[in-house]
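For reference, the structure discussed in these notes is given below.
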Amino acid sequence: MDGLRRSYGEYEAVRGVSFTIARGELFALLGTNGAGKTTTLEVLEGYHPPTAGTVRVFGLDPYADGAKVRRRTGVMLQEGGFFKELTVRETVDSWRSFISGARATAEVLGLVGLEAKASTRIGQLSGGERRRLDLALAVLNRPELLFLDEPTTGMDPEARRTTWRLVQELKAAGTTVVLTTHYLEEAQQLADRVAIMDRGAIAATGTVGEVLAGRGDRIALPVPRGCTIGELPSLEGALPALADGRAVYTVPRGAPALAALHTWAAGRGVELDGLEVRGGSLEDLFLDLADRNDRTDRTDRTDRSRPKAGLPR
C-alpha cells in the first residue's frame with residue numbers, strides 16, 4: 001500500500017497511508033474510533049477503490065481483481081449477518097456450499113470451540129459465540145490472508161485466549177493475518193508489527209518494541225499519607241501527575257527513579273504502599289494521542305472563536 005487516500009465527499013477518511021505486510025506475519029492496524037483503520041481495511045479487502053494511491057494484495061488490485069483476491073482471503077467483519085432460525089451446523093453447511101475445497105463442518109467448529117453448539121440456533125448464541133462463528137466462516141476456505149476486525153469483542157477471557165491460540169496456530173501454518181482490535185493487550189501479545197492510525201494517517205509503525213522505544217517507564221503510587229502531590233520529589237527530571245487519585249511518573253529509566261523515590265521516602269519516614277512499575281504500553285501511547293488531539297481541538301475551537309482583526313466597515 002503506497003499513499004492510500006480515501007474520501008467520502010469532502011471528508012478524507014484516510015490521508016496518504018503507506019505500509020507493507022510480509023507473508024506469514026501478523027500485522028495489527030490500531031487506532032481510536034474514526035482514525036481511519038476500518039476504511040483502510042475495507043480498501044484492502046476490495047470493498048472500495050482508493051481515491052488516490054496504490055493498493056496491492058498478492059500483487060493484484062483488490063477492487064479490480066476482487067474475485068481472484070477473495071478466493072485467497074478470509075474476512076471476519078465486526079458483525080456478521082446470520083439467519084437466527086438456522087443452527088450453527090446449518091449455517092456453516094450453507095457457507096461451505098459456496099466454497100471450493102472448504103474445511104469440513106466438524107473440523108472448523110472444532111477449531112473455534114463450537115462443537116457443542118452445532119445444533120443450537122443462531123438466535124440462542126451469546127455475543128462471544130457468534131464472534132467465534134464469524135471466525136469459523138472466515139477460515140473455511142483455508143485463507144492465505146486473514147482479516148480480523150475486532151475478533152474477540154464480546155468474548156469471555158477463556159474464549160479470547162482460545163481465539164488467540166487459534167490465530168497463532170494459523171500464523172504458524174503460514175497464514176498472513178491483518179488484525180484490528182481495541183484490546184491493546186491483544187495487539188501486544190500477538191502482533192509482529194503494528195501501525196497506529198490517528199486522524200487518517202499513520203502516527204507510528206514498527207514492532208511493538210520499536211513503537212514504544214523511548215517512551216520510558218511508568219511509576220504509579222497512591223499519594224503517601226500525610227503528603228500532598230506537590231511534596232513528592234522529581235524523578236529523573238519528571239514531576240508526578242495526578243491520575244485517578246494516584247501519583248503517576250513517566251521516567252526515562254525506572255531503576256534509578258525507584259532508587260531516588262525510596263531514598264526520599266526513607267528520609268521522610270513514609271511508606272510507599274501500592275507502588276506499581278511497568279514499561280510503556282500501547283495504552284499509554286493511545287492516551288497520549290487522545291490528549292494531544294484534545295489539546296489541538298481546543299486550540300482550533302479557540303482560534304475559530306476569536307474575532308478576526310480588520311478595519312470596521
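Ordered as shown in the C-alpha cells, chains take letters A, B, and onward, while each chain numbers its residues from 1 and ligands are numbered from 1 in the order shown.
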Taking the chain letters and numbering used in this document, name the residues of stretch 217-260 of chain A that DSSP puts in strand (DSSP E or B), as a list in words.
->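 Listing strand (DSSP E or B) positions across stretch 217-260 of chain A yields Asp217, Arg218, Ile219, Ala220, Leu221, Pro222, Leu235, Ala238, Ala241, Leu242, Ala243, Arg246, Ala247, Val248, Tyr249, Thr250 and Val251 of chain A.
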Write a file of the selected residues as a compact mmCIF listing (two decimals), in the first residue's frame, keeping N, CA and C atoms.
# COMPACT_ATOMS: atom_id res chain seq x y z
N ASP A 217 9.47 4.37 31.43
CA ASP A 217 8.73 3.53 32.35
C ASP A 217 7.70 4.36 33.10
N ARG A 218 6.70 3.67 33.61
CA ARG A 218 5.62 4.34 34.34
C ARG A 218 5.64 3.88 35.79
N ILE A 219 5.72 4.83 36.70
CA ILE A 219 5.69 4.56 38.14
C ILE A 219 4.43 5.21 38.70
N ALA A 220 3.61 4.41 39.38
CA ALA A 220 2.37 4.93 39.95
C ALA A 220 2.25 4.50 41.40
N LEU A 221 1.72 5.38 42.23
CA LEU A 221 1.54 5.06 43.64
C LEU A 221 0.48 5.98 44.24
N PRO A 222 -0.23 5.51 45.26
CA PRO A 222 -1.10 6.42 45.99
C PRO A 222 -0.25 7.50 46.67
N LEU A 235 11.65 12.86 39.77
CA LEU A 235 12.38 11.62 39.49
C LEU A 235 12.89 11.65 38.06
N ALA A 238 11.36 14.21 36.08
CA ALA A 238 9.91 14.17 35.85
C ALA A 238 9.17 14.44 37.15
N ALA A 241 2.11 13.41 37.92
CA ALA A 241 0.78 13.90 37.56
C ALA A 241 -0.23 13.11 38.37
N LEU A 242 -1.38 13.71 38.64
CA LEU A 242 -2.42 13.04 39.40
C LEU A 242 -3.40 12.40 38.43
N ALA A 243 -3.58 11.08 38.54
CA ALA A 243 -4.49 10.35 37.65
C ALA A 243 -5.24 9.32 38.48
N ARG A 246 -4.04 8.77 41.97
CA ARG A 246 -2.69 8.25 42.15
C ARG A 246 -1.68 9.20 41.52
N ALA A 247 -0.48 9.22 42.11
CA ALA A 247 0.62 9.98 41.52
C ALA A 247 1.28 9.12 40.46
N VAL A 248 1.44 9.65 39.28
CA VAL A 248 1.99 8.88 38.15
C VAL A 248 3.19 9.62 37.58
N TYR A 249 4.30 8.91 37.48
CA TYR A 249 5.52 9.43 36.84
C TYR A 249 5.74 8.68 35.53
N THR A 250 6.19 9.39 34.52
CA THR A 250 6.73 8.76 33.32
C THR A 250 8.19 9.15 33.24
N VAL A 251 9.08 8.17 33.38
CA VAL A 251 10.51 8.44 33.52
C VAL A 251 11.30 7.71 32.45
Long-range neighbours of stretch 16-30 of chain A as a PyMOL selection string, 7 Å cut-off, only C-alpha atoms, 2 positions minimum in chain = chain A and resi 1-5+14+37+171+174-181+187+191-197+201-202
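Taking atom CA of A:Leu148 as the reference point, atom CA of A:Asp284 is found at 23.6 Å.
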Long-range neighbours of stretch 54-68 of chain A as a list in words, 8 Å cut-off, only C-alpha atoms, 3 positions minimum in chain |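 So, after excluding close chain neighbours, the residues are Met1, Asp2, Gly3, Leu4, Val43, Leu44, Glu45, Gly46, Tyr47, His48, Pro49, Pro50, Arg71 and Arg72 of chain A.
The neighbours of stretch 74-79 of chain A here are the residues that come within 7 Å of it, using only C-alpha atoms and leaving out any residue fewer than 5 positions away in the same chain; they are A:Asp134, A:Leu135, A:Ala138, A:Val139, A:Pro143, A:Leu145, A:Leu146, A:Phe147, A:Leu148, A:Asp149, A:Glu150.
We find atom CA of A:Ala255 and atom CA of A:Tyr183 to be spaced 28.6 Å apart.
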All residues 8 Å or closer to A:Leu166, only C-alpha atoms, same chain fewer than 3 positions away omitted, as a list in words |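 My list of contacting residues is Leu111, Val112, Thr162, Thr163, Glu169 and Leu170 of chain A.
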Residues of stretch 49-268 of chain A in alpha helix (DSSP H), written as JSON, numbers by chain = {"A": [66, 67, 68, 69, 70, 88, 89, 90, 91, 92, 93, 94, 95, 96, 105, 106, 107, 108, 109, 110, 111, 127, 128, 129, 130, 131, 132, 133, 134, 135, 136, 137, 138, 157, 158, 159, 160, 161, 162, 163, 164, 165, 166, 167, 168, 169, 170, 171, 172, 184, 185, 186, 187, 188, 189, 190, 208, 209, 210, 211, 212, 254, 255, 256, 257, 258, 259, 260, 261, 262, 263, 264, 265, 266, 267, 268]}
List the neighbours of A:Leu212 out to 10 Å using only C-alpha atoms; skip same-chain residues closer than 3 positions along the sequence, and give me the result as a list in words.
->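 Counting only C-alpha atoms, the residues come to Ala204, Thr205, Gly206, Thr207, Val208, Gly209, Arg215, Gly216, Gly279, Gly280, Ser281, Leu282, Asp284 and Leu285 of chain A.
Here atom CA of A:Glu90 and atom CA of A:Ser119 stand 8.3 Å from one another.
Those residues that approach A:Glu271 to within 12 Å, counting only C-alpha atoms, are Leu221, Pro222, Val223, Pro224, Arg225, Gly226, Cys227, Leu261, His262, Thr263, Trp264, Ala265, Ala266, Gly267 and Leu275 of chain A; same-chain residues fewer than 4 positions away are not listed.
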Counting only C-alpha atoms, the residue of A:Arg253, A:Thr32, A:Ser234, A:Leu114 that sits nearest A:Asp288 =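 Closest to A:Asp288 of all the choices is A:Thr32.
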